[in-house]
$ cat final34.cif   # mmCIF, C-alpha atoms and all ligand atoms
data_target
loop_
_atom_site.label_atom_id
_atom_site.label_comp_id
_atom_site.auth_asym_id
_atom_site.auth_seq_id
_atom_site.Cartn_x
_atom_site.Cartn_y
_atom_site.Cartn_z
CA MET A 1222 0.00 0.00 0.00
CA ARG A 1223 1.24 3.50 -0.88
CA ILE A 1224 -0.09 6.78 0.56
CA ARG A 1225 -0.25 9.74 -1.79
CA HIS A 1226 -0.53 13.29 -0.34
CA ILE A 1227 -2.81 15.76 -2.10
CA GLU A 1228 -1.80 19.34 -1.38
CA PRO A 1229 -4.25 22.28 -1.02
CA GLY A 1230 -5.56 23.27 -4.45
CA GLU A 1231 -4.37 20.05 -6.12
CA PRO A 1232 -7.10 18.16 -8.06
CA ASP A 1233 -7.95 14.80 -6.54
CA GLY A 1234 -9.96 12.64 -8.96
CA ALA A 1235 -9.33 9.34 -7.15
CA GLY A 1236 -10.36 10.73 -3.76
CA MET A 1237 -13.42 12.40 -5.29
CA PHE A 1238 -14.51 9.11 -6.86
CA LEU A 1239 -14.34 7.33 -3.47
CA ARG A 1240 -16.10 10.21 -1.67
CA ALA A 1241 -18.82 10.37 -4.33
CA TYR A 1242 -19.47 6.63 -3.94
CA ALA A 1243 -19.60 6.92 -0.14
CA PHE A 1244 -21.62 10.10 0.33
CA LYS A 1245 -23.68 10.86 -2.81
CA ALA A 1246 -26.51 9.20 -4.70
CA SER A 1247 -24.76 6.49 -6.65
CA PRO A 1248 -23.78 5.68 -9.35
CA MET A 1249 -23.00 9.28 -10.19
CA GLN A 1250 -23.19 10.35 -13.83
CA PRO A 1251 -19.64 10.69 -15.27
CA ASP A 1252 -20.18 14.34 -16.27
CA GLU A 1253 -21.31 15.23 -12.74
CA LEU A 1254 -18.23 13.49 -11.29
CA ALA A 1255 -16.01 15.34 -13.78
CA ARG A 1256 -17.64 18.64 -12.75
CA LEU A 1257 -16.92 17.96 -9.06
CA CYS A 1258 -13.32 16.94 -9.84
CA SER A 1259 -12.63 20.12 -11.78
CA ASP A 1260 -14.26 22.49 -9.25
CA PRO A 1261 -11.28 24.22 -7.57
CA ARG A 1262 -13.32 25.06 -4.47
CA PHE A 1263 -13.39 21.39 -3.40
CA ALA A 1264 -9.59 21.29 -3.49
CA ALA A 1265 -9.12 24.63 -1.71
CA GLY A 1266 -8.15 24.78 1.94
CA ARG A 1267 -7.72 21.07 2.50
CA VAL A 1268 -5.04 18.40 2.42
CA GLY A 1269 -5.99 14.92 1.28
CA LEU A 1270 -4.52 11.45 1.40
CA VAL A 1271 -5.23 8.57 -0.94
CA ALA A 1272 -4.19 4.97 -0.19
CA GLU A 1273 -3.40 2.98 -3.32
CA ASP A 1274 -2.35 -0.55 -4.11
CA ASP A 1275 -1.95 -2.48 -7.37
CA ASP A 1276 -5.76 -2.45 -7.83
CA GLY A 1277 -5.87 1.39 -7.72
CA PRO A 1278 -7.19 3.86 -5.13
CA ARG A 1279 -8.43 2.03 -2.03
CA ALA A 1280 -9.27 4.73 0.52
CA THR A 1281 -9.14 8.47 1.15
CA ALA A 1282 -9.23 10.95 4.05
CA SER A 1283 -8.91 14.74 4.18
CA ALA A 1284 -8.29 17.53 6.66
CA VAL A 1285 -9.94 20.90 6.10
CA LEU A 1286 -7.59 23.67 7.31
CA MET A 1287 -9.89 25.42 9.77
CA ARG A 1288 -9.61 27.75 12.77
CA GLN A 1289 -11.33 27.26 16.11
CA ASN A 1290 -11.78 29.22 19.32
CA LEU A 1291 -10.71 27.37 22.45
CA ARG A 1292 -11.48 29.18 25.69
CA GLY A 1293 -11.08 32.58 24.03
CA ARG A 1294 -7.99 31.93 21.88
CA VAL A 1295 -8.04 31.01 18.19
CA TYR A 1296 -6.02 27.98 17.03
CA PRO A 1297 -5.51 26.13 13.74
CA MET A 1298 -7.88 23.13 13.70
CA ALA A 1299 -7.87 20.10 11.39
CA GLY A 1300 -11.46 19.28 10.38
CA ILE A 1301 -11.39 15.63 9.30
CA ALA A 1302 -13.73 14.98 6.38
CA GLY A 1303 -14.28 12.74 3.37
CA VAL A 1304 -13.13 9.52 5.06
CA ALA A 1305 -14.09 6.66 2.74
CA SER A 1306 -12.79 3.37 1.45
CA HIS A 1307 -13.45 1.39 -1.75
CA PRO A 1308 -16.32 -1.11 -1.33
CA LEU A 1309 -13.94 -3.99 -2.11
CA ALA A 1310 -11.29 -2.74 0.31
CA ARG A 1311 -13.17 -2.27 3.58
CA ARG A 1312 -12.03 -3.71 6.91
CA ARG A 1313 -8.48 -4.09 5.63
CA GLY A 1314 -6.94 -1.30 7.67
CA TYR A 1315 -6.54 1.26 4.86
CA VAL A 1316 -8.51 3.95 6.67
CA ARG A 1317 -6.68 3.28 9.92
CA ALA A 1318 -3.37 3.82 8.10
CA LEU A 1319 -4.65 7.04 6.52
CA MET A 1320 -5.96 8.44 9.81
CA LEU A 1321 -2.62 7.80 11.51
CA GLU A 1322 -0.72 9.49 8.67
CA LEU A 1323 -3.14 12.43 8.46
CA LEU A 1324 -3.26 13.20 12.19
CA GLY A 1325 0.56 12.99 12.38
CA ARG A 1326 0.93 15.37 9.44
CA MET A 1327 -1.51 17.89 10.93
CA ARG A 1328 0.23 17.80 14.29
CA ASP A 1329 3.62 18.33 12.59
CA GLU A 1330 2.18 21.29 10.67
CA GLY A 1331 1.17 23.03 13.92
CA TYR A 1332 -2.46 22.00 14.35
CA PRO A 1333 -3.03 21.42 18.10
CA VAL A 1334 -6.61 20.13 17.76
CA SER A 1335 -8.88 18.28 15.36
CA THR A 1336 -12.65 17.84 15.11
CA LEU A 1337 -15.03 15.79 12.98
CA TYR A 1338 -18.61 14.57 12.64
CA PRO A 1339 -18.54 10.77 12.95
CA PHE A 1340 -20.65 8.27 11.03
CA ARG A 1341 -20.31 6.29 14.28
CA PRO A 1342 -18.47 7.61 17.38
CA SER A 1343 -16.96 4.26 18.41
CA PHE A 1344 -14.96 4.26 15.14
CA TYR A 1345 -13.25 7.57 16.00
CA GLU A 1346 -12.94 6.93 19.74
CA ARG A 1347 -10.15 4.52 18.84
CA PHE A 1348 -8.37 7.50 17.25
CA GLY A 1349 -8.59 9.50 20.49
CA TYR A 1350 -11.70 11.61 19.77
CA ALA A 1351 -14.20 12.57 22.48
CA THR A 1352 -17.86 13.30 21.75
CA LEU A 1353 -18.85 16.92 22.41
CA PRO A 1354 -22.33 18.15 23.36
CA SER A 1355 -24.71 18.29 20.42
CA PRO A 1356 -26.33 21.52 19.18
CA ARG A 1357 -30.11 21.67 19.66
CA THR A 1358 -33.03 22.49 17.43
CA ALA A 1359 -35.76 24.81 18.66
CA THR A 1360 -39.20 24.39 17.04
CA PHE A 1361 -41.89 26.99 17.69
CA ALA A 1362 -44.89 28.74 16.18
CA PRO A 1363 -43.83 32.31 15.37
CA ALA A 1364 -47.10 33.55 16.91
CA GLY A 1365 -45.50 32.96 20.34
CA LEU A 1366 -43.02 35.74 19.56
CA ARG A 1367 -45.70 38.31 18.59
CA PRO A 1368 -45.06 40.55 21.65
CA LEU A 1369 -41.65 41.31 20.11
CA LEU A 1370 -43.37 43.03 17.16
CA ARG A 1371 -44.26 45.93 19.46
CA ARG A 1372 -40.81 46.13 21.08
CA GLU A 1373 -38.53 49.04 20.28
CA LEU A 1374 -35.06 47.56 19.75
CA PRO A 1375 -31.82 49.29 18.87
CA GLY A 1376 -30.40 48.26 15.52
CA GLU A 1377 -32.00 46.92 12.37
CA VAL A 1378 -32.18 43.85 10.16
CA SER A 1379 -31.26 43.44 6.52
CA TRP A 1380 -32.51 40.71 4.22
CA ALA A 1381 -31.10 39.21 1.01
CA ARG A 1382 -30.49 35.98 -0.89
CA ALA A 1383 -27.84 34.03 1.04
CA GLY A 1384 -25.34 34.26 -1.81
CA GLU A 1385 -25.61 38.05 -1.98
CA GLY A 1386 -25.06 38.48 1.77
CA TYR A 1387 -22.28 35.87 1.97
CA GLN A 1388 -19.43 38.30 2.78
CA ARG A 1389 -21.29 39.92 5.67
CA TYR A 1390 -22.29 36.49 7.02
CA ARG A 1391 -18.62 35.51 6.86
CA ASP A 1392 -17.76 38.70 8.79
CA LEU A 1393 -20.25 37.65 11.49
CA ALA A 1394 -18.70 34.16 11.68
CA LEU A 1395 -15.22 35.71 12.07
CA ARG A 1396 -16.58 37.95 14.84
CA LEU A 1397 -17.97 34.91 16.69
CA LEU A 1398 -14.69 33.06 16.14
CA GLU A 1399 -12.95 35.71 18.25
CA TYR A 1400 -14.82 34.92 21.44
CA ARG A 1401 -17.27 32.00 21.21
CA HIS A 1402 -15.74 28.85 22.78
CA GLY A 1403 -15.61 25.98 20.28
CA PHE A 1404 -16.71 28.11 17.31
CA ALA A 1405 -14.93 27.12 14.09
CA VAL A 1406 -14.67 28.63 10.61
CA PHE A 1407 -13.71 27.24 7.21
CA PRO A 1408 -10.78 28.65 5.26
CA GLU A 1409 -11.87 31.65 3.20
CA GLU A 1410 -11.36 30.00 -0.19
CA ARG A 1411 -13.53 27.03 0.76
CA ASP A 1412 -16.22 29.17 2.37
CA ARG A 1413 -16.77 30.86 -1.00
CA MET A 1414 -18.94 27.86 -1.90
CA ALA A 1415 -21.50 29.54 0.38
CA ALA A 1416 -21.49 32.52 -1.99
CA ASP A 1417 -23.33 30.33 -4.50
CA ASN A 1418 -26.12 29.55 -2.06
CA GLU A 1419 -29.32 30.12 -4.04
CA SER A 1420 -31.49 27.94 -1.82
CA HIS A 1421 -31.60 30.14 1.30
CA TRP A 1422 -32.51 33.62 2.43
CA LEU A 1423 -30.25 35.46 4.85
CA VAL A 1424 -31.40 37.85 7.55
CA LEU A 1425 -28.71 39.83 9.39
CA ALA A 1426 -29.03 41.89 12.58
CA GLN A 1427 -26.94 45.04 12.76
CA LEU A 1428 -26.41 46.88 16.05
CA ASP A 1429 -23.60 49.27 15.23
CA GLY A 1430 -20.46 49.44 13.11
CA SER A 1431 -20.10 47.39 9.98
CA VAL A 1432 -19.94 43.80 11.29
CA PRO A 1433 -23.33 42.14 11.80
CA ALA A 1434 -24.22 41.05 15.35
CA GLY A 1435 -26.59 38.24 14.34
CA GLY A 1436 -27.62 36.19 11.35
CA LEU A 1437 -29.86 33.37 10.20
CA MET A 1438 -30.03 31.54 6.88
CA TYR A 1439 -33.41 29.99 6.14
CA ARG A 1440 -35.77 28.67 3.52
CA ILE A 1441 -39.56 28.42 3.54
CA GLU A 1442 -41.04 25.08 2.62
CA GLU A 1443 -44.51 26.31 1.61
CA TYR A 1444 -47.28 28.74 2.59
CA SER A 1445 -48.50 27.78 6.08
CA GLY A 1446 -45.68 25.20 6.29
CA THR A 1447 -42.26 25.32 7.99
CA LEU A 1448 -39.54 27.95 7.94
CA HIS A 1449 -36.32 25.92 8.17
CA GLY A 1450 -33.48 27.96 9.65
CA THR A 1451 -29.84 26.98 9.98
CA ASP A 1452 -27.88 28.11 13.08
CA LEU A 1453 -29.30 31.14 14.86
CA LEU A 1454 -26.03 33.08 15.18
CA THR A 1455 -26.06 35.91 17.71
CA THR A 1456 -23.55 37.90 19.71
CA GLY A 1457 -26.07 38.59 22.51
CA PRO A 1458 -29.73 39.00 23.50
CA THR A 1459 -30.38 42.16 21.46
CA SER A 1460 -29.21 40.72 18.14
CA ARG A 1461 -31.18 37.56 18.95
CA ALA A 1462 -34.32 39.63 19.69
CA LEU A 1463 -33.93 41.44 16.34
CA LEU A 1464 -33.84 38.09 14.51
CA LEU A 1465 -36.75 36.67 16.53
CA ARG A 1466 -38.80 39.82 15.85
CA PHE A 1467 -38.14 39.28 12.14
CA LEU A 1468 -39.40 35.68 12.51
CA ALA A 1469 -42.47 36.91 14.43
CA GLY A 1470 -43.35 38.88 11.29
CA HIS A 1471 -44.02 35.51 9.58
CA THR A 1472 -46.84 34.61 12.00
CA ASP A 1473 -49.56 34.46 9.34
CA GLN A 1474 -47.28 32.99 6.70
CA VAL A 1475 -45.69 29.88 8.28
CA GLY A 1476 -47.00 27.49 10.90
CA ARG A 1477 -43.69 26.79 12.56
CA VAL A 1478 -40.05 27.76 12.63
CA VAL A 1479 -37.13 25.37 13.19
CA VAL A 1480 -33.69 26.78 14.01
CA THR A 1481 -30.48 25.25 15.35
CA VAL A 1482 -29.10 26.69 18.58
CA ALA A 1483 -25.96 26.19 20.67
CA PRO A 1484 -25.89 23.41 23.32
CA ASP A 1485 -26.14 26.02 26.09
CA ASP A 1486 -28.92 28.11 24.52
CA THR A 1487 -32.25 28.37 26.37
CA PRO A 1488 -35.11 29.05 23.90
CA GLU A 1489 -37.62 28.54 26.73
CA LEU A 1490 -36.51 31.99 27.97
CA TRP A 1491 -36.98 33.81 24.64
CA GLY A 1492 -40.51 34.96 25.42
CA SER A 1493 -43.00 34.49 28.25
CA ASP A 1494 -45.78 32.93 26.14
CA LEU A 1495 -43.58 31.06 23.69
CA THR A 1496 -44.43 27.38 23.20
CA VAL A 1497 -41.18 25.78 22.12
CA HIS A 1498 -39.80 22.28 21.66
CA VAL A 1499 -36.03 22.00 22.18
CA GLU A 1500 -34.38 18.81 21.00
CA ALA A 1501 -30.93 17.26 20.62
CA ALA A 1502 -31.46 14.50 18.05
CA VAL A 1503 -28.41 12.30 17.52
CA ARG A 1504 -28.65 9.74 14.74
CA PHE A 1505 -26.05 7.83 12.75
CA PRO A 1506 -24.64 8.14 10.21
CA THR A 1507 -26.07 11.55 9.28
CA ASN A 1508 -26.81 13.52 12.45
CA ALA A 1509 -24.04 12.86 14.93
CA ALA A 1510 -22.75 15.13 17.68
CA PRO A 1511 -19.28 16.48 16.84
CA MET A 1512 -16.10 14.93 18.20
CA ALA A 1513 -12.74 16.52 19.01
CA ARG A 1514 -9.24 15.58 20.05
CA VAL A 1515 -6.01 17.25 21.11
CA LEU A 1516 -3.08 16.59 18.74
CA SER A 1517 -0.42 18.39 20.80
CA LEU A 1518 -0.50 19.75 24.35
CA GLU A 1519 2.70 21.74 23.76
CA LEU A 1520 0.96 23.64 20.94
CA LEU A 1521 -1.78 24.59 23.43
CA ALA A 1522 0.65 26.36 25.78
CA GLY A 1523 -0.86 29.75 26.64
CA LEU A 1524 -4.48 28.45 26.50
CA PRO A 1525 -6.56 30.58 28.92
CA THR A 1526 -7.14 28.45 32.03
CA GLY A 1527 -7.76 28.79 35.76
CA GLU A 1528 -4.85 28.99 38.20
CA GLN A 1529 -4.22 25.43 39.35
CA GLY A 1530 -1.69 22.67 38.70
CA VAL A 1531 -1.99 18.95 38.03
CA THR A 1532 0.21 16.11 36.76
CA LEU A 1533 -1.47 13.89 34.15
CA THR A 1534 -0.41 10.77 32.30
CA VAL A 1535 -2.06 10.31 28.89
CA VAL A 1536 -2.03 6.69 27.71
CA ASP A 1537 -2.51 4.79 24.43
CA ASP A 1538 -1.89 7.68 22.06
CA ALA A 1539 0.80 8.18 19.44
CA TRP A 1540 0.69 12.00 19.58
CA VAL A 1541 -0.09 13.13 23.12
CA GLY A 1542 0.90 10.02 25.12
CA GLY A 1543 3.18 10.81 28.09
CA THR A 1544 3.24 12.46 31.50
CA TYR A 1545 2.79 16.24 31.77
CA ARG A 1546 2.78 18.90 34.44
CA LEU A 1547 -0.03 21.30 33.52
CA ALA A 1548 -0.13 24.61 35.37
CA GLY A 1549 -2.51 27.52 34.85
CA SER A 1550 -1.05 31.01 35.23
CA PRO A 1551 -2.21 34.53 34.29
CA ASP A 1552 -0.30 33.98 31.02
CA GLY A 1553 -2.26 30.82 30.29
CA LEU A 1554 -1.50 27.11 30.36
CA GLU A 1555 2.10 26.01 31.01
CA VAL A 1556 2.91 22.54 29.66
CA THR A 1557 5.99 20.60 30.79
CA ARG A 1558 6.78 16.97 30.01
CA VAL A 1559 7.77 15.19 33.25
CA PRO A 1560 8.43 11.58 32.15
CA ASN A 1561 9.34 10.28 35.59
CA ALA A 1562 6.72 12.07 37.71
CA GLU A 1563 3.94 10.30 39.61
CA PRO A 1564 0.63 11.40 37.95
CA ASP A 1565 -2.40 12.68 39.87
CA ALA A 1566 -4.61 10.95 37.26
CA THR A 1567 -4.26 8.76 34.16
CA LEU A 1568 -6.42 9.53 31.12
CA THR A 1569 -6.91 8.53 27.51
CA CYS A 1570 -6.61 11.20 24.80
CA ALA A 1571 -10.45 11.41 24.76
CA GLY A 1572 -10.39 12.31 28.48
CA LEU A 1573 -7.68 14.93 27.95
CA SER A 1574 -9.62 16.37 24.98
CA ALA A 1575 -12.81 16.61 27.07
CA LEU A 1576 -10.90 18.62 29.70
CA VAL A 1577 -9.56 21.05 27.09
CA TYR A 1578 -12.96 21.44 25.38
CA GLY A 1579 -14.77 21.78 28.73
CA ALA A 1580 -17.24 18.86 28.66
CA PRO A 1581 -18.16 16.34 29.89
CA ASP A 1582 -17.16 16.58 33.56
CA PRO A 1583 -14.19 14.46 34.77
CA ALA A 1584 -16.57 12.56 37.09
CA GLU A 1585 -17.99 10.97 33.89
CA PHE A 1586 -14.64 9.73 32.57
CA GLU A 1587 -14.48 6.36 34.30
CA LEU A 1588 -17.87 5.25 32.92
CA LEU A 1589 -16.88 6.44 29.43
CA GLY A 1590 -13.62 4.47 29.57
CA TRP A 1591 -11.55 7.68 29.42
CA GLY A 1592 -9.54 7.11 32.61
CA SER A 1593 -9.96 7.38 36.31
CA VAL A 1594 -9.93 10.71 38.15
CA PRO A 1595 -10.12 10.74 41.97
CA GLU A 1596 -12.63 13.38 43.13
CA PRO A 1597 -10.02 15.69 44.78
CA VAL A 1598 -8.11 15.70 41.47
CA ALA A 1599 -11.37 16.27 39.55
CA GLN A 1600 -11.94 19.37 41.69
CA ARG A 1601 -8.51 20.73 40.76
CA LEU A 1602 -9.15 19.91 37.09
CA ARG A 1603 -12.43 21.89 37.19
CA VAL A 1604 -10.42 24.91 38.36
CA LEU A 1605 -7.68 24.45 35.75
CA PHE A 1606 -10.14 23.70 32.91
CA PRO A 1607 -13.44 25.38 33.95
CA PRO A 1608 -16.49 23.55 32.49
CA ARG A 1609 -17.66 25.07 29.17
CA LEU A 1610 -20.07 23.95 26.46
CA PRO A 1611 -18.31 24.24 23.08
CA TYR A 1612 -20.36 25.26 20.03
CA LEU A 1613 -18.60 24.15 16.85
CA CYS A 1614 -21.33 25.38 14.47
CA ALA A 1615 -19.40 24.63 11.21
CA ARG A 1616 -20.49 21.33 9.63
CA PHE A 1617 -18.26 19.37 7.26
C1 LIG B 1 -16.35 3.73 7.53
C2 LIG B 1 -15.28 3.31 6.56
C3 LIG B 1 -14.51 4.55 6.13
C4 LIG B 1 -14.34 2.34 7.28
O1 LIG B 1 -13.29 2.01 6.40
P1 LIG B 1 -12.45 0.66 6.54
O2 LIG B 1 -11.56 0.63 5.35
O3 LIG B 1 -13.35 -0.49 6.75
O4 LIG B 1 -11.64 0.94 7.87
P2 LIG B 1 -10.41 0.10 8.44
O5 LIG B 1 -10.36 -1.26 7.83
O6 LIG B 1 -9.16 0.92 8.33
O7 LIG B 1 -10.83 0.00 9.95
C5 LIG B 1 -10.27 0.81 11.00
C6 LIG B 1 -10.81 0.29 12.29
O8 LIG B 1 -12.21 0.61 12.42
C7 LIG B 1 -12.98 -0.60 12.58
N1 LIG B 1 -14.22 -0.39 11.83
C8 LIG B 1 -14.37 -0.43 10.50
N2 LIG B 1 -15.65 -0.17 10.17
C9 LIG B 1 -16.31 0.06 11.35
C10 LIG B 1 -17.65 0.37 11.67
N3 LIG B 1 -18.60 0.49 10.73
N4 LIG B 1 -17.97 0.55 12.98
C11 LIG B 1 -17.04 0.44 13.95
N5 LIG B 1 -15.75 0.13 13.69
C12 LIG B 1 -15.38 -0.07 12.41
C13 LIG B 1 -12.12 -1.69 12.03
O9 LIG B 1 -12.44 -2.94 12.63
C14 LIG B 1 -10.74 -1.22 12.43
O10 LIG B 1 -10.47 -1.48 13.80
P3 LIG B 1 -8.99 -1.89 14.30
O11 LIG B 1 -8.07 -0.84 13.79
O12 LIG B 1 -9.11 -1.92 15.78
O13 LIG B 1 -8.75 -3.22 13.68
C15 LIG B 1 -15.87 2.61 5.30
O14 LIG B 1 -16.70 1.57 5.72
C16 LIG B 1 -16.67 3.54 4.40
O15 LIG B 1 -16.15 4.10 3.43
N6 LIG B 1 -17.98 3.74 4.70
C17 LIG B 1 -18.84 4.64 3.94
C18 LIG B 1 -18.48 6.12 4.15
C19 LIG B 1 -18.44 6.54 5.62
O16 LIG B 1 -19.34 6.30 6.39
N7 LIG B 1 -17.34 7.24 6.00
C20 LIG B 1 -17.12 7.77 7.33
C21 LIG B 1 -17.56 9.19 7.40
S1 LIG B 1 -17.31 9.93 8.99
#
$ encode --input "final34.cif" --output "structure tokens" --more "lines below"
Ligand SMILES: CC(C)(COP(=O)(O)OP(=O)(O)OC[C@H]1O[C@@H](n2cnc3c(N)ncnc32)[C@H](O)[C@@H]1OP(=O)(O)O)[C@@H](O)C(=O)NCCC(=O)NCCS
Amino acid sequence: MRIRHIEPGEPDGAGMFLRAYAFKASPMQPDELARLCSDPRFAAGRVGLVAEDDDGPRATASAVLMRQNLRGRVYPMAGIAGVASHPLARRRGYVRALMLELLGRMRDEGYPVSTLYPFRPSFYERFGYATLPSPRTATFAPAGLRPLLRRELPGEVSWARAGEGYQRYRDLALRLLEYRHGFAVFPEERDRMAADNESHWLVLAQLDGSVPAGGLMYRIEEYSGTLHGTDLLTTGPTSRALLLRFLAGHTDQVGRVVVTVAPDDTPELWGSDLTVHVEAAVRFPTNAAPMARVLSLELLAGLPTGEQGVTLTVVDDAWVGGTYRLAGSPDGLEVTRVPNAEPDATLTCAGLSALVYGAPDPAEFELLGWGSVPEPVAQRLRVLFPPRLPYLCARF
């Protein structure tokens, strides 16, 4: 088996063929496949790997070169996507070999963390990934928001086809990237695919300055039917109220509105008479919660943390295995390898990743198979890595 590296911007016909078979209606018409292969936007902002043997391409995996906010600081993040193997080459270890090569390359190129959406979490747990909290959907009749129609609010909304408003939506995403824990953005050249979005409307909330403070992409199914929104992106309650007031204006047009919200959002508090159903629906292979892992603790030095110290051993991992002294200071996390020290707790990479991302709590780790943390150590870890609910938002 040989592994071929596909660099950003390089066409990747073999990988596209395997991805098309795995993820699209199949068989795909040859001209449609040729169109996908020649579209430079699919090759932009990603590195790919293809495993080949004498029978041809056997498997592929890619990393999208993203950025993600962790506890207030922005880091390079490898978004793993397009993992697929040839139907005659499954269960032969090709994808395992590609994942090991890809994660090693991303770590060596300075990516401290990686995320993905699994077809099945147990598959990626063996590569060190921890499941993060899922976003929620909020379903409500817009009539419940009618009181907002009479509210004076600072700011205004603008409305356009999603493609026309793409640059301002991107500006909003970059604004959220600066401070929203877990929030991730695509590389600019890949995000341009959104500029072709003809299927959605875009409403933006503007409070001041030139960068929007809130935004929602949506489409309307039919008169009296459902308004399907994507993520309700807001920088605070006022921008959210502007967007909800816009939705309230659809009271006699649609029967219900569905929007995606962050794991820590509370739609039940959006209005006193609002009837709302909030749901986290996790299904495989198409609607999984995201997963994340740390690729290098050293690259996370300086991460904003609480002031506390702990010695941890991370086991069973090619990239972050070892014993570390982790200390929080006003300048952020200090990371020192201490190979001979006695650890306060022993964790898998999934356990370490959950600490960095802020959920779940270390008291859950033993049941999840992520290591064992004595309660006094768990208390120190909650100070060093205060609990947070990450909101990845980007889907890939
Ligand atoms: C999922 C898929 C990529 C797996 O590829 P594969 O070539 O069979 O993977 P490998 O042979 O390298 O297996 C790697 C490991 O995962 C295990 N594994 C494989 N398929 C699995 C599955 N469906 N569920 C759980 N574990 C699985 C293997 O047993 C192996 O474990 P080991 O390393 O401990 O021996 C392949 O079946 C596929 O292309 N499916 C359709 C597309 C898809 O769902 N892609 C994933 C998108 S996130």
$ residues_around --input "final34.cif" --residues "Phe1340 of chain A" --least-positions-apart "6" --cutoff "9 Å" --atoms "only C-alpha atoms" --output "list in words"
Arg1504, Phe1505, Pro1506, Thr1507, Asn1508 and Ala1509 of chain A
$ residues_near_ligand --input "final34.cif" --ligand "ligand LIG 1 (chain B)" --cutoff "9 Å" --atoms "only C-alpha atoms and all ligand atoms" --output "PyMOL selection string"
chain A and resi 1239-1240+1242-1244+1279-1282+1301-1308+1310-1320+1337-1345+1347+1506-1507
$ residues_around --input "final34.cif" --residues "Ala1426 of chain A" --least-positions-apart "5" --cutoff "7 Å" --atoms "all atoms listed in the file" --output "list in words"
Glu1377, Val1378, Ser1379, Pro1433, Ala1434, Gly1435, Gly1436, Ser1460, Leu1463 and Leu1464 of chain A
$ atom_distance --input "final34.cif" --atom1 "atom CA of Ala1359 of chain A" --atom2 "atom CA of Leu1393 of chain A"
21.4 Å
$ residues_near_point --input "final34.cif" --point "(-14.9, 30.6, 5.3)" --cutoff "12 Å" --atoms "all atoms listed in the file" --output "PyMOL selection string"
chain A and resi 1262+1265-1266+1285-1289+1387-1395+1398+1405-1416+1615-1617
$ axis_aligned_box --input "final34.cif" --around "segment 1300-1311 of chain A" --padding-each-side "6 Å" --output "AutoDock Vina command-line options"
--center_x -13.8 --center_y 7.6 --center_z 4.1 --size_x 17.0 --size_y 35.3 --size_z 24.5
$ residues_around --input "final34.cif" --residues "segment 1488-1491 of chain A" --least-positions-apart "2" --cutoff "10 Å" --atoms "only C-alpha atoms" --output "list of chain:residue names"
A:Arg1357, A:Thr1358, A:Ala1359, A:Thr1360, A:Phe1361, A:Gly1365, A:Leu1366, A:Leu1369, A:Pro1458, A:Arg1461, A:Ala1462, A:Leu1465, A:Val1482, A:Asp1485, A:Asp1486, A:Ser1493, A:Asp1494, A:Leu1495, A:Thr1496, A:Val1497, A:His1498, A:Val1499
